[in-house]
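Raw upload_38.cif, mmCIF, C-alpha atoms:
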data_model
loop_
_atom_site.group_PDB
_atom_site.id
_atom_site.type_symbol
_atom_site.label_atom_id
_atom_site.label_comp_id
_atom_site.auth_asym_id
_atom_site.auth_seq_id
_atom_site.Cartn_x
_atom_site.Cartn_y
_atom_site.Cartn_z
ATOM 1 C CA MET K 1 170.544 237.609 -134.607
ATOM 2 C CA ASN K 2 167.363 239.515 -133.794
ATOM 3 C CA THR K 3 165.518 241.384 -136.523
ATOM 4 C CA VAL K 4 163.191 244.372 -136.160
ATOM 5 C CA LEU K 5 160.938 246.239 -138.625
ATOM 6 C CA ILE K 6 160.865 249.996 -137.996
ATOM 7 C CA THR K 7 158.335 252.213 -139.779
ATOM 8 C CA GLY K 8 158.870 255.952 -140.074
ATOM 9 C CA ALA K 9 162.592 255.286 -139.718
ATOM 10 C CA SER K 10 163.811 258.546 -141.252
ATOM 11 C CA GLY K 11 163.122 260.758 -138.273
ATOM 12 C CA GLY K 12 162.108 261.277 -134.684
ATOM 13 C CA VAL K 13 161.717 258.458 -132.206
ATOM 14 C CA ALA K 14 161.938 255.739 -134.864
ATOM 15 C CA LYS K 15 165.300 257.044 -136.102
ATOM 16 C CA ALA K 16 166.668 257.136 -132.553
ATOM 17 C CA ALA K 17 165.368 253.622 -131.892
ATOM 18 C CA ALA K 18 166.963 252.375 -135.117
ATOM 19 C CA THR K 19 170.313 253.839 -134.082
ATOM 20 C CA GLN K 20 170.149 252.224 -130.641
ATOM 21 C CA LEU K 21 169.091 248.836 -131.993
ATOM 22 C CA HIS K 22 171.756 248.906 -134.713
ATOM 23 C CA ASP K 23 174.420 249.677 -132.114
ATOM 24 C CA ALA K 24 173.138 246.739 -130.042
ATOM 25 C CA GLY K 25 173.620 244.354 -132.980
ATOM 26 C CA TRP K 26 170.054 244.035 -134.260
ATOM 27 C CA GLU K 27 169.311 243.553 -137.959
ATOM 28 C CA LEU K 28 167.085 246.426 -139.148
ATOM 29 C CA LEU K 29 164.338 246.522 -141.753
ATOM 30 C CA ARG K 30 163.560 250.232 -142.113
ATOM 31 C CA VAL K 31 160.561 251.775 -143.878
ATOM 32 C CA SER K 32 160.098 255.432 -144.808
ATOM 33 C CA ARG K 33 157.947 257.376 -147.256
ATOM 34 C CA ASP K 34 161.091 259.251 -148.384
ATOM 35 C CA ILE K 35 163.940 256.820 -149.122
ATOM 36 C CA ASP K 36 166.384 259.689 -149.653
ATOM 37 C CA SER K 37 165.979 260.723 -146.017
ATOM 38 C CA LEU K 38 167.162 257.357 -144.643
ATOM 39 C CA ASP K 39 170.725 257.246 -143.371
ATOM 40 C CA PRO K 40 172.770 254.333 -144.718
ATOM 41 C CA ALA K 41 173.319 251.662 -142.095
#
Written as structure tokens, that's how I'd like the structure from this file.
Amino acid sequence: MNTVLITGASGGVAKAAATQLHDAGWELLRVSRDIDSLDPA
């Protein structure tokens, strides 16, 4: 399994990339300044 670290994962391009990578089977490590704004994966 591939793993990726995504910073700024609560919005914009990083959020879209996280969604695409999750759907493709990647393991995500997501970082955001506001933990409440992260969607559960």
Legend entry - Test item: which residues lie within 12 Å of (155.5, 254.6, -138.9) counting only C-alpha atoms, as a ChimeraX atom specification: /K:5-15,30-34
Legend entry - Residue neighbourhood stretch 26-29 of chain K, 9 Å, all atoms listed in the file, exclusion window fewer than 4 positions, as a ChimeraX atom specification: /K:1-7,18,20-22,41
Coordinates of box centre and edge lengths for stretch 32-35 of chain K, 6 Å on every side, axis-aligned, as JSON:
{"center_x": 160.9, "center_y": 257.3, "center_z": -147.0, "size_x": 18.0, "size_y": 15.8, "size_z": 16.3}
